[in-house]
Amino acid sequence: MRDNKFLIERAFRIDETTGQNKVTDLREAVKCYIKPKMKLHISSSYYYPAAIINEITRQFNGERPEFTLISKGINLNTINLLINGLVKKVITAFHGDFYPSPRPNPAIIQSYLKRIVEFEDWSLYSYTQRLMAGAMGIGFIPTNSIFGSDMADENHDSFRLIDDPFGSGTKSGILKALIPDISVLHAWAADSYGNTIILPPYGPLPWGAMASRQGVLVTTEKIISTDLIREFSYFVVLPGHFVRSVSPVAFGAHPQGMSNLDIKEFDAYGHDYDFINEHQEVIRKPKKYQRWLEEWVLNCDTQEDYLQKLGHERIMFLKGKAHRDSWIHELRSLITKISSNQESNRLEMMTITAARKIKEKVIQQGYNLIFSGIGNSNLAAWLAYYLLKEEKYVISLAAELGFLGYDPRPVDPFIFSFNILPSSTMLTNIVNVLGIFAGGNSNKCLGSLGAGQIDKCGNINSTKIPGKTYLTGSGGSNDVASTAAEIIVTVEQSADRFVERVPYITCPGDRVTTLISDMGVFEKLGNDKEFTLTEYFSDLRGSSPPKVIETIRRNCGWDLKVSETANVVMPPTQKELDIIRLFDPRGFFIAT
């Protein structure tokens with residue numbers, strides 16, 4: 001045996017690189033593998049594979065490839081595919097602008113109204129589950145989401161409500177597997193074979209990529225050795241045998257950013273909010289949008305051209321912005337501009353009142369998790385977190401893409417801000433957050449959600465007004481509303497948002513117990529399924545309670561019930577005002 005030592009060492013040596021070399025120029029990868037009429041899956045975590053979407057837009061510009069686009073959200077670069085007529089059908093959980101808060105996108109509205117594109121709406125968890133079933137090679141998968149929503153009725157070809165086959169006497173939902181033709185994905189790093197590193201939170205990864213019939217086109221910030229892949233094997237989300245090509249593309253997620261979680265081997269860059277805002281605004285002006293598209297997509301032949309156009313100064317700024325303490329320096333530059341006025345406006349009042357209600361419910365019911373949506377409902381949850389922390393009450397915050405147990409930071413109120421990553425106790429995926437933490441067997445979750453419309457029974461519409469307009473879709477709101485122990489909704493009040501019955505049910509109102517508007521507090525009392533006004537704000541027009549309540553009635557689309565003991569909401573404390581103004585110094589959510 002000693003004589004064969006050299007042969008043994010050679011036979012069992014671990015190779016520095018393994019497998020076929022799949023490194024391919026991005027343009028060539030798209031040309032070779034992306035074909036018309038494909039079911040094209042956009043695989044994303046908390047960022048999108050922007051560079052490859054731009055390349056698809058360039059190569060198919062002026063054609064009608066009739067893609068079926070499968071993506072957790074239709075926004076940013078993916079909207080360009082719709083506007084330019086490349087998409088026949090969309091399967092998604094969200095469609096619209098997302099920063100700093102959800103709002104309808106005019107291009108999507110026109111695509112819907114003119115029936116240019118067919119939209120298939122799902123909740124974020126049910127969307128992910130369908131891809132999971134596809135990846136597992138099973139025909140269907142059970143779900144506890146979308147019951148009682150219009151998504152369940154519209155998607156009857158892919159959703160069924162059946163009796164529990166094991167005799168519990170309950171109903172169970174089942175979802176048909178969703179199998180794309182090909183998937184595109186952007187990663188932190190990959191080796192030449194395609195073993196792919198992605199850092200958490202993972203969102204719906206990696207199910208859609210693994211479900212795709214023809215594999216995955218990977219773009220990556222850098223190509224590394226298989227030895228380094230082994231060193232970071234716990235971050236390898238996609239094994240190389242799923243991958244068709246690997247293309248090195250720096251800043252491949254821009255205008256969204258990528259956090260390196262303080263791992264020195266990877267360069268990080270932050271979200272380019274200015275770029276995102278510009279894109280969202282030019283879409284509302286077709287001529288400006290066409291010039292923008294030519295400037296940033298069609299006339300940038302390569303990613304190098306794109307980065308040159310971004311410029312060194314902007315790139316370095318975005319790299320600095322990704323530092324874990326960048327919020328401290330940003331706060332110093334903004335602190336003098338933050339109002340110290342002791343008077344609150346109606347949106348501050350609404351947000352603070354919602355935070356107080358969240359705190360009250362958490363203590364009364366013993367909740368240990370708060371799941372929040374985007375916007376004022378999220379600010380309310382963040383404020384409630386610190387109000388509870390003052391009383392030594394342990395509570396965790398969760399966000400749908402896989403954030404758990406984080407401490408909210410000042411400056412950036414966006415729910416997926418990089419600022420909250422360093423303080424998170426767990427960075428995971430949609431299946432864990434929405435499927436288990438928000439609605440599993442140990443359910444002690446309180447949901448804090450927003451709404452496009454809400455009716456007297458608490459049913460929420462955030463999807464569409466059929467035949468008139470498209471809103472933004474469910475995201476994870478249906479999943480939380482379907483499974484959390486209790487839901488509080490925060491929404492600005494008007495007669496067209498507070499309606500007798502919502503025209504489309506995104507989230508059933510069974511678990512919604514409390515509604516906070518910018519005029520007052522509405523609660524379901526006893527076994528009543530309808531809201532009753534229990535508190536009101538004193539700063540509405542009219543100095544007397546009857547006049548205040550009459551104003552609330554005029555802005556309510558149903559015959560409002562008013563409690564005999566309805567009273568005035570206590571004004572905010574200076575501490576409450578200071579905290580939410582630090583969260584949102586630019587007034588994205590609290591400026592009137």
# chains A, B, ... in the order shown; residues from 1 in each chain; ligands from 1

$ residues_around --residues "stretch 386-396 of chain A" --least-positions-apart "5" --cutoff "8 Å" --atoms "only C-alpha atoms" --output "count of residues only"
8

$ residues_around --residues "A:Ile138" --least-positions-apart "5" --cutoff "12 Å" --atoms "only C-alpha atoms" --output "list in words"
Gln129, Arg130, Leu131, Met132, Ala133, Ile174, Leu175, Lys176, Ala177, Leu178, Ile179 and Ala211 of chain A

$ write_last_selection --atoms "C-alpha atoms" --output "PDB file, in the first residue's frame"
ATOM      1  CA  GLN A 129     -45.589  26.772  -3.750  1.00  0.00           C
ATOM      2  CA  ARG A 130     -46.562  26.154  -7.371  1.00  0.00           C
ATOM      3  CA  LEU A 131     -42.922  26.482  -8.415  1.00  0.00           C
ATOM      4  CA  MET A 132     -41.877  24.292  -5.491  1.00  0.00           C
ATOM      5  CA  ALA A 133     -44.210  21.544  -6.722  1.00  0.00           C
ATOM      6  CA  ILE A 174     -54.357  22.279  -3.676  1.00  0.00           C
ATOM      7  CA  LEU A 175     -52.265  24.115  -6.262  1.00  0.00           C
ATOM      8  CA  LYS A 176     -51.209  22.815  -9.660  1.00  0.00           C
ATOM      9  CA  ALA A 177     -47.453  22.665 -10.239  1.00  0.00           C
ATOM     10  CA  LEU A 178     -45.993  25.516 -12.286  1.00  0.00           C
ATOM     11  CA  ILE A 179     -43.172  24.543 -14.655  1.00  0.00           C
ATOM     12  CA  ALA A 211     -38.463  23.653 -11.900  1.00  0.00           C
TER      13      ALA A 211
END

$ select_by_dssp --residues "stretch 258-382 of chain A" --states "alpha helix (DSSP H)" --output "number ranges by chain"
A: 273-282, 286-293, 303-310, 312-321, 326-334, 346-365, 376-382

$ closest_residue --among "A:Asn419, A:Thr506, A:Ser126, A:Ser494" --to "A:Leu471" --atoms "only C-alpha atoms"
A:Thr506

$ residues_around --residues "A:Phe98" --least-positions-apart "6" --cutoff "9 Å" --atoms "only C-alpha atoms" --output "MDAnalysis selection string"
chainID A and resid 75:76 104 374 472

$ write_last_selection --atoms "N, CA and C atoms" --output "short mmCIF file (atom, residue, chain, number, x, y, z; two decimals), in the first residue's frame"
data_model
loop_
_atom_site.label_atom_id
_atom_site.label_comp_id
_atom_site.auth_asym_id
_atom_site.auth_seq_id
_atom_site.Cartn_x
_atom_site.Cartn_y
_atom_site.Cartn_z
N ASN A 75 -42.18 44.67 -12.11
CA ASN A 75 -41.79 46.04 -11.83
C ASN A 75 -40.39 46.28 -12.40
N LEU A 76 -39.90 47.50 -12.29
CA LEU A 76 -38.56 47.82 -12.76
C LEU A 76 -38.32 47.29 -14.18
N PRO A 104 -50.20 51.72 -8.33
CA PRO A 104 -50.45 51.20 -9.67
C PRO A 104 -49.49 51.80 -10.69
N ILE A 374 -46.03 46.94 3.23
CA ILE A 374 -45.23 48.12 2.91
C ILE A 374 -46.02 49.38 3.23
N THR A 472 -52.17 46.68 -7.49
CA THR A 472 -50.80 46.16 -7.37
C THR A 472 -50.71 44.67 -7.11
#

$ closest_residue --among "A:Lys529, A:Arg27, A:Lys287, A:Arg581" --to "A:Leu379" --atoms "only C-alpha atoms"
A:Arg581

$ atom_distance --atom1 "atom CA of A:Phe416" --atom2 "atom CA of A:Ser339"
24.8 Å

$ closest_residue --among "A:Tyr536, A:Trp558, A:Trp292, A:Phe94" --to "A:Val499" --atoms "only C-alpha atoms"
A:Trp558

$ closest_residue --among "A:Val548, A:Leu383, A:Ile108, A:Val431" --to "A:Phe403" --atoms "only C-alpha atoms"
A:Val431

$ atom_distance --atom1 "atom CA of A:Ser333" --atom2 "atom CA of A:Asp584"
13.8 Å

$ closest_atom_pairs --of "stretch 301-342 of chain A" --to "stretch 243-254 of chain A" --cutoff "9 Å" --atoms "only C-alpha atoms" --output "CSV"
residue,atom,partner,partner_atom,distance
A:Gln303,CA,A:Val249,CA,6.8
A:Glu304,CA,A:Ala250,CA,8.3
A:Leu307,CA,A:Phe251,CA,7.8
A:Ile315,CA,A:Phe251,CA,8.9

$ closest_residue --among "A:Glu523, A:Glu400, A:Glu120, A:Asp267" --to "A:Lys456" --atoms "only C-alpha atoms"
A:Glu523

$ residues_around --residues "A:Leu577" --least-positions-apart "2" --cutoff "8 Å" --atoms "only C-alpha atoms" --output "list in words"
Gln342, Ser344, Glu348, Ile352, Pro572, Thr573, Gln574, Lys575, Ile579, Ile580 and Arg581 of chain A

$ write_last_selection --atoms "N, CA and C atoms" --output "PDB file, in the first residue's frame"
ATOM      1  N   GLN A 342     -44.414  69.810  17.547  1.00  0.00           N
ATOM      2  CA  GLN A 342     -45.172  68.939  18.442  1.00  0.00           C
ATOM      3  C   GLN A 342     -46.552  68.597  17.887  1.00  0.00           C
ATOM      4  N   SER A 344     -49.039  67.046  15.162  1.00  0.00           N
ATOM      5  CA  SER A 344     -48.974  65.959  14.197  1.00  0.00           C
ATOM      6  C   SER A 344     -49.925  66.224  13.042  1.00  0.00           C
ATOM      7  N   GLU A 348     -49.351  61.106  10.304  1.00  0.00           N
ATOM      8  CA  GLU A 348     -48.606  60.769  11.516  1.00  0.00           C
ATOM      9  C   GLU A 348     -49.556  60.247  12.582  1.00  0.00           C
ATOM     10  N   ILE A 352     -49.277  56.470  14.182  1.00  0.00           N
ATOM     11  CA  ILE A 352     -49.031  56.322  15.622  1.00  0.00           C
ATOM     12  C   ILE A 352     -50.189  55.594  16.294  1.00  0.00           C
ATOM     13  N   PRO A 572     -50.473  62.287  19.771  1.00  0.00           N
ATOM     14  CA  PRO A 572     -49.177  61.615  19.879  1.00  0.00           C
ATOM     15  C   PRO A 572     -48.279  62.281  20.920  1.00  0.00           C
ATOM     16  N   THR A 573     -47.419  61.495  21.507  1.00  0.00           N
ATOM     17  CA  THR A 573     -46.376  62.052  22.355  1.00  0.00           C
ATOM     18  C   THR A 573     -45.224  62.527  21.471  1.00  0.00           C
ATOM     19  N   GLN A 574     -44.362  63.342  22.028  1.00  0.00           N
ATOM     20  CA  GLN A 574     -43.213  63.811  21.258  1.00  0.00           C
ATOM     21  C   GLN A 574     -42.292  62.653  20.900  1.00  0.00           C
ATOM     22  N   LYS A 575     -42.178  61.679  21.787  1.00  0.00           N
ATOM     23  CA  LYS A 575     -41.321  60.525  21.503  1.00  0.00           C
ATOM     24  C   LYS A 575     -41.859  59.737  20.309  1.00  0.00           C
ATOM     25  N   ILE A 579     -39.802  59.272  16.719  1.00  0.00           N
ATOM     26  CA  ILE A 579     -39.393  57.969  16.189  1.00  0.00           C
ATOM     27  C   ILE A 579     -39.851  57.796  14.744  1.00  0.00           C
ATOM     28  N   ILE A 580     -41.126  58.086  14.443  1.00  0.00           N
ATOM     29  CA  ILE A 580     -41.578  57.857  13.062  1.00  0.00           C
ATOM     30  C   ILE A 580     -40.958  58.875  12.100  1.00  0.00           C
ATOM     31  N   ARG A 581     -40.630  60.062  12.587  1.00  0.00           N
ATOM     32  CA  ARG A 581     -39.958  61.040  11.718  1.00  0.00           C
ATOM     33  C   ARG A 581     -38.510  60.624  11.453  1.00  0.00           C
TER      34      ARG A 581
END
